[in-house]
Every structure is written in C-alpha cells, then in structure tokens.
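Colleague: A single structure is presented below for examination.
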Amino acid sequence: MSRQENSRQHNNRKLFLGVFIPLLAVTFVACTAFAVLALRITNRYVSAETARITGRLADSINLKFVPAITNVEDFAVTAAYTDDGETLNMVIHMMGGSIPYARGIYYGTGASRRNGGVFYDSADWMPPEDWEPSARGWYKEAIAHKGKIAYSVPYVDADTGLLCVGISREIRGPSGTVTGVVSVDILLNKLTTLIDETTPPSAGGRIYIVDSDGTFLTNPDTSKIMGSNYFSESPIPAKPADYLVAAGSAFQDKTRYYAASKIGESPWYVVVEGPLADFTGRIKRSVYIFELALVIFCIICSLLNLRNFKAMRRGERETGEQIFAETQNLAISAKQNAATAQDQTASVKEIVATMEENNALSESIASKIQDVSAVAGKTSGDVSDGVSHLEKNVAQLHEIAAANQNTIDGIKVLGDKINNIWDIVTLINLVADQAKIIAFNAELEASSAGEAGKNFHIVATEIRRLADGIIDGTKEIKEKIGEIQLSSDRLIIASESGTDRINEGVEGARNLKDRFGSIKNASEVTASSANDITRIIQQQAAATEQMLATLRQIAGGVENFSGATEAISVASQNLQDIAEELTR
C-alpha cells in the first residue's frame with residue numbers, strides 16, 4: 001500500500017473520530033443531564049403524589065369519622081339535659097343506623113348496673129351481669145380527655161369478634177358532674193376496605209394506617225394488625241417520632257419513597273411507601289433506549305459525514321490536480337514572461353544610455369553652433385565697419401595699401417574660420433546622420449513594442465525629420481560658405497593686385513564696397529543659418545529629453561512587469577504546493 005493511500009486512510013479515521021467522538025460526548029452529556037433532570041422531576045412528582053394520596057386518604061377516613069363524631073357530640077348535648085332512660089335509648093337507636101363503618105353507638109353511666117346504672121346499645125347488645133362500662137378502656141379515655149373526643153386503643157368487640165376502635169366523649173350534667181360516656185365502635189376491617197379501594201402511587205406501593213407508636217391498624221396480612229410495628233418492619237431511615245411529626249410531607253431515600261398524613265384529630269396516621277424503581281425504572285429504560293438510539297444515530301451521522309467527506313476529498317483532489325496542471329502552465333508562462341521582460345529591460349536601458357549620449361552630443365553641437373553664430377555676427381559687424389570706413393576714407397587712398405594688407409590678413413583669418421565652419425558643418429552632418437540612424441533604430445524598436453511604443457515611434461519619426469532638415473540646412477550653409485570662400489579668394493587676389501592699382505582706388509573702393517556688402521549679406525545669412533541650426537538642435541535636445549523620459553517610464557514599467565512576473569511565478573509555486581496538498 002502506498003504512502004499516499006496510508007495517509008488517506010489515516011485522514012479518514014481522523015475525520016470519522018473527529019465527528020463521532022464529539023457527537024457521542026454530546027449524546028452522553030445530554031442523556032446524563034436529561035436523566036438527572038428527569039429523576040429530579042420524578043422525585044418531586046413522587047413526593048407530591050404520595051403526599052396527595054396520603055392526604056386525600058386521611059381526609060376520606062376523617063370524613064368517615066365525622067358522622068360518628070357528630071352523633072357523639074349530639075348525644076352528649078342531649079344527655080347533658082335529660083336523664084330519661086327511654087329518651088336516651090330512643091336517641092341511641094336513632095343514631096346507630098346513620099354511622100357508616102361503625103358497629104353502633106352506645107351509652108353507659110358511671111354508676112354500676114347493680115346500683116341503678118344503665119347501658120344502652122344501638123345494636124341491642126346485652127352485656128353480662130358483671131360487665132361494667134366504667135371499667136372499659138373507652139370509658140376511661142373519655143374521662144381522661146375531659147370533654148374532648150377520645151380515641152381508644154383498638155380492641156376486639158365481644159359481640160362480633162371484630163377489631164374495633166372507640167370514639168368516645170364524656171357527658172356532664174347540669175351540675176358539672178360526669179353522668180356517663182357515649183362511644184361509637186369503628187370497625188377496622190371497614191377501614192381496610194377503604195384502603196384497599198385506594199390505588200397506591202405505584203405497583204409496589206403499600207398503604208397502611210398506624211397509630212402514633214407505629215402499630216398496624218390495617219394490613220393486608222391480618223395477623224400483623226395490632227401485632228406488628230410498622231417502624232420495625234419498614235426500611236424507613238427516619239426515626240418514628242420525626243416521621244410522624246412531619247406527617248403531611250414526603251421524602252425519599254436511595255431506593256424507596258415515603259409519606260404520612262394524620263387522620264383528623266385522631267392519633268392515627270396514613271402511611272405510604274414503595275420502591276422508587278416503580279417510577280424511575282421506566283425513566284431509566286427510556287434514557288437507556290434514548291442513549292442507544294442517539295449512539296446509533298451518531299454512528300449513522302458519522303458514517304454519512306465520512307462518506308460526504310470522502311466525496312469532498314475526491315472533489316478536492318480532482319480540483320487540486322486541475323489547479324496543479326494550470327499552475328504549472330502558469331509558472332512556465334511566468335518564467336518566459338520574466339525572461340522576456342529582463343531582455344526588454346536590458347534593451348530599453350541600452351536605448352536610454354544611447355539617447356543620453358545623443359542628448360549630450362546635441363547639447364555640445366548646440367554650443368558650438370552658438371559659437372559659429374557669434375563668429376558670423378562678429379564678421380558681419382566687422383564688414384559693416386569696413387564699409388563705413390571705406391566710405392569715409394575714399395580720399396585716403398594712400399592708406400589703402402596698409403589697410404588692404406590688413407584686409408588680406410583678415411580675409412585669410414576669415415578663410416581659416418570658414419574652414420572651421422566647414423568642420424562644424426561636417427560634424428553637424430555626421431550628427432544628423434547618426435540621429436537618422438538612431439531614429440531608424442528607434443522606429444524599429446517602437447514597431448516591435450506594439451501599442452506601448454506608439455508614442456516612441458512618433459518621437460523617432462520627428463527626430464528623423466529633424467535630422468533631414470538639418471542635413472538640408474547644412475547643404476545650404478555649404479553653398480554659402482563656398483561662395484564666401486570664392487569671394488575671399490578673389491578678394492585676396494584683388495587685394496594683392498590692388499597694390500598696383502591704388503590710383504584706381506575709388507572705383508576699386510566702390511567695388512570693394514559692393515563686395516563687402518555681399519560679404520555682409522553672406523555673414524548675415526551664415527548667422528541666421530547658425531541660429532536656425534541652434535534652434536533645431538535645441539528642439540532635437542528637447543525631443544531627446546522627452547524620449548528619455550518616455551524610455552525611463554517604459555524601463556520602469558518593464559521592471560514592474562518583471563517584478564509582477566516574479567510574483568506570479570512565486571504565487572504559481574505556492575499554488576502548486578497547495579494543489580499537491582489537496583491531491584494527497
């Protein structure tokens with residue numbers, strides 16, 4: 001297996017784990033938070049539900065006690081104002097049938113039956129001869145409560161053999177002395193039926209009625225009624241006193257729930273307990289199923305994401321290969337452009353150097369032509385002065401010889417200067433020829449530069465036209481100079497022969513005046529031509545400066561282009577590296 005394939009498989013595993021592990025972590029955190037929150041809500045629900053059930057059952061049982069308590073209170077009021085036996089017996093029988101869950105209502109006096117005491121029972125139970133009400137527990141508890149409702153300890157009814165609890169109250173006559181006790185027997189098996197009809201909070205829940213000591217008053221196992229203690233059999237962690245004092249509230253330990261409610265004013269309590277698993281088991285199962293479903297969902301999402309990542313990676317590799325191929329072409333083109341730009345930079349720099357030399361030469365020519373113009377002007381002035389002196393000194397022909405000799409010498413000097421002018425004119429022709437050659441080369445370079453050399457082509461054309469003008473001007477100068485030289489030669493010959501013709505000086509002077517007029521005109525023409533040449537050279541210099549500025553701009557642009565091409569080459573190499581990274 002290739003190294004690239006191993007790298008791809010390693011990247012796929014990293015992608016899968018990078019997607020699966022965060023999803024799995026989020027799943028477990030969410031499920032844990034959900035479970036904790038659900039358990040808290042469940043505990044609160046269980047506490048509220050168990051407190052509600054015990055309170056409702058306690059209220060229901062207390063409502064069953066209300067008729068018995070009401071009849072006891074009503075009979076006590078009646079018996080407090082009358083001791084008529086028939087009346088009391090009739091009231092006892094009337095009340096006996098209106099008390100649910102009760103064996104009946106009965107009334108006994110404090111005096112013994114042997115001494116005239118009486119006992120009335122709504123069930124018409126006749127006690128034995130030696131049976132005395134005042135010796136019974138329900139009687140004693142009523143006396144001990146001093147006018148308040150008393151609840152007796154459960155006992156077995158002698159008539160029915162059923163377990164009963166007594167609700168009793170003492171009766172006092174008008175004098176305030178105790179005249180008897182009225183009591184109602186509540187059958188505990190009736191309360192058991194009432195509890196059995198109540199649905200526990202959960203399937204494993206149990207409901208009991210206990211007294212303040214925890215003795216069972218109701219229990220599905222009848223052998224435990226009045227024989228077993230709730231606190232000794234239940235795993236309740238609280239102390240009995242604390243649990244019953246806090247009746248009306250509910251709590252849970254780790255595995256079970258508990259609740260207790262007091263039944264009215266009685267010393268009895270409804271207690272409820274059961275396993276918390278009845279409530280939390282379904283939640284835990286739901287959480288486990290939910291977690292399993294989320295794990296499966298995470299695996300499926302991870303696999304789908306892995307497949308999508310693979311597809312994306314394939315697309316990235318294909319794109320990378322395309323980018324790699326294109327960047328290779330771009331790099332080759334950039335290198336070629338860079339080489340071309342470097343060549344162009346060198347060529348432009350050579351042209352700039354040549355034009356700078358040409359500009360310096362043009363300035364030198366302009367300076368020399370200015371000197372020629374100054375010489376021509378000075379010659380014109382000298383000729384004008386000679387004419388003036390000739391007109392004034394026509395009569396002084398005797399001095400013509402010396403003046404003629406001076407004139408000959410001056411003409412010779414002028415001939416030398418004219419020869420210098422020939423040299424300058426020849427130099428101008430040479431410069432003009434070089435300018436034409438440079439202009440021709442510049443036109444060739446401008447044509448090869450395309451649109452960017454258009455302005456440079458115009459400048460080169462102007463330079464060549466200017467050079468042609470200079471050449472034409474120098475031709476005319478040559479002709480004038482030739483005439484001047486011819487006139488000078490003739491003047492020398494005439495001056496040398498004029499020594500013999502001094503007597504004919506006036507006429508000669510006139511002729512000389514004409515000749516000097518021609519010389520003056522030729523000098524003026526020479527000065528004018530020199531000024532024209534100076535102006536042309538200055539224009540050429542200005543054009544050359546413009547060409548230099550343009551070439552410098554071209555050189556700067558080419559250098560910038562070369563730098564940009566180098567940057568493109570570097571960027572192309574970077575793109576190649578990225579493309580290679582994408583194709584891994």
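Identifiers in the structure tokens: chain A, B, ... in order shown; residue index from 1 per chain; ligand index from 1 in order shown.
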Find the nearest atom pair between each residue of segment 177-250 of chain A and segment 114-122 of chain A for residues within 12 Å, count only C-alpha atoms, give distances in Å to one decimal, sort rows by chain and ascending number, and present the table as CSV.

Modeller:
```
residue,atom,partner,partner_atom,distance
A:Thr179,CA,A:Gly117,CA,9.8
A:Gly180,CA,A:Val118,CA,9.2
A:Val181,CA,A:Phe119,CA,9.8
A:Val182,CA,A:Tyr120,CA,9.4
A:Ser183,CA,A:Asp121,CA,9.6
A:Val184,CA,A:Asp121,CA,9.7
A:Asp185,CA,A:Asp121,CA,10.8
```

Colleague: Just the residues within 8 Å of Pro133 of chain A, please, counting only C-alpha atoms, with nothing from its chain fewer than 2 positions along; format it as a PyMOL selection string.

Modeller: chain A and resi 108-110+112+119+131+135-136+139

Colleague: Would you mind listing what lies within 7 Å of Ala150 of chain A as a list of chain:residue names, with only C-alpha atoms counted and same-chain residues fewer than 4 positions away left out?

Modeller: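 Answer for this query is A:Glu141, A:Ala142, A:His145, A:Ile167, A:Ser168, A:Arg169.
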
Colleague: What separation in Å, quoted to one decimal, exists between atom CA of Asp409 of chain A and atom CA of Gln485 of chain A?

Modeller: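 One can read the atom CA of Asp409 of chain A to atom CA of Gln485 of chain A distance as 14.2 Å.
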
Colleague: Show me, as an MDAnalysis selection string, the residues that have an atom within 7 Å of Trp268 of chain A when counting only C-alpha atoms, minus same-chain residues fewer than 5 positions from it.

Modeller: chainID A and resid 209:212 262:263

Colleague: Of the residues A:Arg103, A:Ser234, A:Ile421, A:Gln252, which is the one nearest to Asn189 of chain A, using only C-alpha atoms?

Modeller: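 Nearest to Asn189 of chain A: A:Arg103.
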
Colleague: Contacts of Asp278 of chain A at 9 Å or less, counting only C-alpha atoms, minus same-chain residues fewer than 2 places along, as an MDAnalysis selection string?

Modeller: chainID A and resid 202:205 274:276 280:282

Colleague: Include all heavy atoms and write out the residues we just selected as a compact mmCIF listing (two decimals), in the first residue's frame.

Modeller:
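What landed in part-v1.txt:
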```txt
# COMPACT_ATOMS: atom_id res chain seq x y z
N SER A 202 -47.83 3.49 43.18
CA SER A 202 -47.16 2.68 42.18
C SER A 202 -47.52 1.22 42.42
O SER A 202 -48.20 0.87 43.39
CB SER A 202 -45.63 2.87 42.27
OG SER A 202 -45.13 2.36 43.50
N ALA A 203 -47.05 0.37 41.51
CA ALA A 203 -47.40 -1.05 41.59
C ALA A 203 -46.87 -1.69 42.86
O ALA A 203 -47.52 -2.57 43.45
CB ALA A 203 -46.87 -1.79 40.37
N GLY A 204 -45.69 -1.29 43.31
CA GLY A 204 -45.11 -1.87 44.52
C GLY A 204 -45.42 -1.07 45.76
O GLY A 204 -44.86 -1.38 46.83
N GLY A 205 -46.29 -0.07 45.69
CA GLY A 205 -46.60 0.76 46.84
C GLY A 205 -47.55 0.08 47.82
O GLY A 205 -48.35 -0.78 47.46
N GLY A 274 -43.05 2.69 49.10
CA GLY A 274 -42.89 1.85 47.92
C GLY A 274 -41.54 2.06 47.27
O GLY A 274 -40.79 2.99 47.61
N PRO A 275 -41.18 1.22 46.35
CA PRO A 275 -39.88 1.35 45.68
C PRO A 275 -39.89 2.47 44.63
O PRO A 275 -40.84 2.60 43.86
CB PRO A 275 -39.68 -0.02 45.02
CG PRO A 275 -41.07 -0.52 44.80
CD PRO A 275 -41.91 0.00 45.92
N LEU A 276 -38.82 3.26 44.62
CA LEU A 276 -38.69 4.31 43.62
C LEU A 276 -38.54 3.75 42.21
O LEU A 276 -38.84 4.43 41.22
CB LEU A 276 -37.47 5.19 43.92
CG LEU A 276 -37.67 6.29 44.96
CD1 LEU A 276 -36.33 6.96 45.25
CD2 LEU A 276 -38.67 7.33 44.47
N THR A 280 -38.85 5.35 38.60
CA THR A 280 -37.60 5.65 37.88
C THR A 280 -37.21 4.56 36.89
O THR A 280 -36.41 4.81 35.99
CB THR A 280 -36.46 5.85 38.89
OG1 THR A 280 -36.29 4.65 39.67
CG2 THR A 280 -36.76 7.01 39.81
N GLY A 281 -37.73 3.34 37.08
CA GLY A 281 -37.35 2.26 36.17
C GLY A 281 -37.72 2.56 34.74
O GLY A 281 -36.92 2.38 33.81
N ARG A 282 -38.94 3.06 34.55
CA ARG A 282 -39.35 3.39 33.18
C ARG A 282 -38.53 4.53 32.61
O ARG A 282 -38.17 4.53 31.43
CB ARG A 282 -40.83 3.76 33.18
CG ARG A 282 -41.76 2.55 33.38
CD ARG A 282 -43.20 2.98 33.47
NE ARG A 282 -43.45 3.75 34.69
CZ ARG A 282 -44.63 4.26 35.02
NH1 ARG A 282 -45.67 4.11 34.23
NH2 ARG A 282 -44.76 4.94 36.13
```

Colleague: Please return as a list in words: the residues of segment 142-230 of chain A that backbone DSSP assigns to helix (DSSP H, G or I).

Modeller: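 Selection result, helix (DSSP H, G or I) within segment 142-230 of chain A: Ala142, Ile143, Ala144, His145, Leu188, Asn189, Lys190, Leu191, Thr192, Thr193, Leu194, Ile195, Asp196, Thr222, Ser223, Lys224 and Tyr230 of chain A.
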
Colleague: So what do you get for atom CA of Arg206 of chain A versus atom CA of Tyr288 of chain A, distance-wise?

Modeller: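 Interatomic distance, atom CA of Arg206 of chain A to atom CA of Tyr288 of chain A: 28.3 Å.
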
Colleague: I'd like the contact shell of Ile438 of chain A - 10 Å cut-off, only C-alpha atoms, skipping same-chain residues fewer than 3 positions apart - returned as JSON, numbers by chain.

Modeller: {"A": [351, 354, 355, 358, 432, 433, 434, 435, 441, 442, 443, 444, 460, 463, 464]}

Colleague: Go ahead and write the residues just picked, C-alpha atoms, as a short mmCIF file (atom, residue, chain, number, x, y, z; two decimals), in the first residue's frame.

Modeller:
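As a result, result31.cif now contains:
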```
data_model
loop_
_atom_site.label_atom_id
_atom_site.label_comp_id
_atom_site.auth_asym_id
_atom_site.auth_seq_id
_atom_site.Cartn_x
_atom_site.Cartn_y
_atom_site.Cartn_z
CA ILE A 351 18.41 52.71 -25.68
CA THR A 354 22.32 55.79 -26.23
CA MET A 355 19.75 58.56 -26.08
CA ASN A 358 22.88 61.59 -28.12
CA ALA A 432 22.38 64.38 -38.31
CA ASP A 433 23.33 61.07 -39.98
CA GLN A 434 23.72 59.44 -36.55
CA ALA A 435 20.39 60.96 -35.49
CA ASN A 441 16.56 52.03 -34.93
CA ALA A 442 14.10 53.70 -32.56
CA GLU A 443 11.33 53.25 -35.13
CA LEU A 444 12.23 49.56 -35.41
CA ALA A 460 11.55 58.74 -33.61
CA ILE A 463 13.81 63.04 -34.87
CA ARG A 464 14.46 61.64 -38.36
#
```

Colleague: If you measure from atom CA of Ile458 of chain A to atom CA of Phe440 of chain A, what distance in Å do you get, rounded to one decimal?

Modeller: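 About the pair atom CA of Ile458 of chain A and atom CA of Phe440 of chain A: they are 11.5 Å apart.
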